[in-house]
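Here's the structure, in structure tokens; my notes come after.
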Amino acid sequence: LVAQFNSISQPFLIMTSVILGLGGAFLGLMLHGQPFGIIMTGVGVISLAGVVVNNAIVLIDYTNKLMARGYPLKEAVIGAGATRLRPVLLTAITTILGLVPMITGVSYDFHNFSIAWVSESSQWWRSMAVVVAWGLSIATFLTLVVVPSMYYLLQRSKERSSDMRAWLHSKYWGLFQRLFGEDAGHR
């Protein structure tokens with residue numbers, strides 16, 4: 001990620017979305033009364049991290065492209081959020097809706113051609129489905145709000161620090177030139 005974005009700070013923004021997703025995953029486990037199983041919950045956390053990281057990468061990458069095209073920072077952040085809102089929401093909604101049968105325990109028995117309300121397979125996969133669905137629902141919302149906000153604040157702080165460096169540089173060399181004359185910088 002550091003090589004892709006040519007930045008150290010932007011991958012940390014992306015990893016922030018994973019932490020936001022973990023909050024949603026633990027909330028879902030708590031609300032459903034599910035224990036944290038190492039295998040199935042761990043698989044759910046890994047798959048959740050993959051989807052959430054992908055959403056954050058898409059959002060930050062498009063913001064960087066808009067900045068490279070010459071958009072001001074605020075317009076780039078808002079434009080990227082508006083443009084990538086639909087793909088991010090569609091990814092999250094389809095994944096969550098696909099996991100609802102596992103969370104509720106509903107499955108279809110193809111041998112008897114009937115609906116099974118509490119099947120063994122859905123009980124096995126339930127903790128993973130709860131982690132992914134809840135984590136994705138919370139992380140998607142927070143990724144669309146928190147990641148652009150943090151991106152904006154990070155870029156503003158970079159701009160301000162470079163402005164401060166330029167101001168200090170001009171003051172230092174201005175003082176130097178006043179003390180030693182105009183020709184001192186040419187020696």
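For the structure tokens, the naming scheme is as follows: chains receive sequential letters (A, B, ...) according to their order of presentation, residues are indexed from 1 within each chain, and ligands are indexed from 1 in presentation order.
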
Worksheet entry | Within 12 Å of A:Thr94 using only C-alpha atoms, minus same-chain residues under 4 positions, as a PyMOL selection string | chain A and resi 51+86-90+98-100+132-133+136-137

Discussion item. Set the distance at 7 Å and use only C-alpha atoms: which residues neighbour stretch 101-117 of chain A once local chain neighbours fewer than 4 positions away are removed? I'd like the list as a list of chain:residue names.
Written reply: A:Ser122, A:Gln123, A:Trp125, A:Arg126, A:Ala129, A:Val130

Fill in: Contacts of stretch 8-11 of chain A at 12 Å (only C-alpha atoms; same-chain gap of 2+ positions) as a PyMOL selection string
chain A and resi 1-6+13-18+53-54+56-57+59-61+63-64+147-148+150-155+157-158

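With distances taken over only C-alpha atoms, A:Gly44 is the one residue among A:Gly33, A:Gly70, A:Gly174, A:Gly44 lying closest to A:Met128.
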
Item to complete: Can you work out which one of A:Gly81, A:Gly135, A:Pro72, A:Pro35 has the shortest atom-to-atom distance to A:Val52, counting only C-alpha atoms?
Response: A:Gly135

Worksheet entry | Every residue of stretch 33-168 of chain A that DSSP places in helix (DSSP H, G or I), as a ChimeraX atom specification | /A:38-68,73-104,120-168

Worksheet item: Mind checking DSSP for chain A and telling me the strand (DSSP E) residues as a PyMOL selection string?
Response: chain A and resi 107-109+114-116

Write the residues of the preceding selection, restricted to N, CA and C atoms, as an mmCIF file, in the first residue's frame.
data_model
loop_
_atom_site.group_PDB
_atom_site.id
_atom_site.type_symbol
_atom_site.label_atom_id
_atom_site.label_comp_id
_atom_site.auth_asym_id
_atom_site.auth_seq_id
_atom_site.Cartn_x
_atom_site.Cartn_y
_atom_site.Cartn_z
ATOM 1 N N SER A 107 -32.133 -22.361 5.696
ATOM 2 C CA SER A 107 -31.466 -22.988 4.549
ATOM 3 C C SER A 107 -32.478 -23.864 3.820
ATOM 4 N N TYR A 108 -32.102 -24.287 2.644
ATOM 5 C CA TYR A 108 -33.004 -25.081 1.814
ATOM 6 C C TYR A 108 -32.466 -26.503 1.737
ATOM 7 N N ASP A 109 -33.297 -27.471 2.064
ATOM 8 C CA ASP A 109 -32.931 -28.886 2.015
ATOM 9 C C ASP A 109 -33.308 -29.421 0.633
ATOM 10 N N SER A 114 -37.495 -28.805 0.949
ATOM 11 C CA SER A 114 -38.172 -28.024 1.989
ATOM 12 C C SER A 114 -37.186 -27.022 2.594
ATOM 13 N N ILE A 115 -37.749 -26.067 3.278
ATOM 14 C CA ILE A 115 -36.932 -25.058 3.958
ATOM 15 C C ILE A 115 -36.645 -25.542 5.368
ATOM 16 N N ALA A 116 -35.375 -25.522 5.729
ATOM 17 C CA ALA A 116 -34.967 -25.897 7.085
ATOM 18 C C ALA A 116 -34.707 -24.613 7.865
#

Item to complete: Enter the distance from atom CA of A:Leu27 to atom CA of A:Val146, in Å, rounded to one decimal.
Response: 18.4 Å
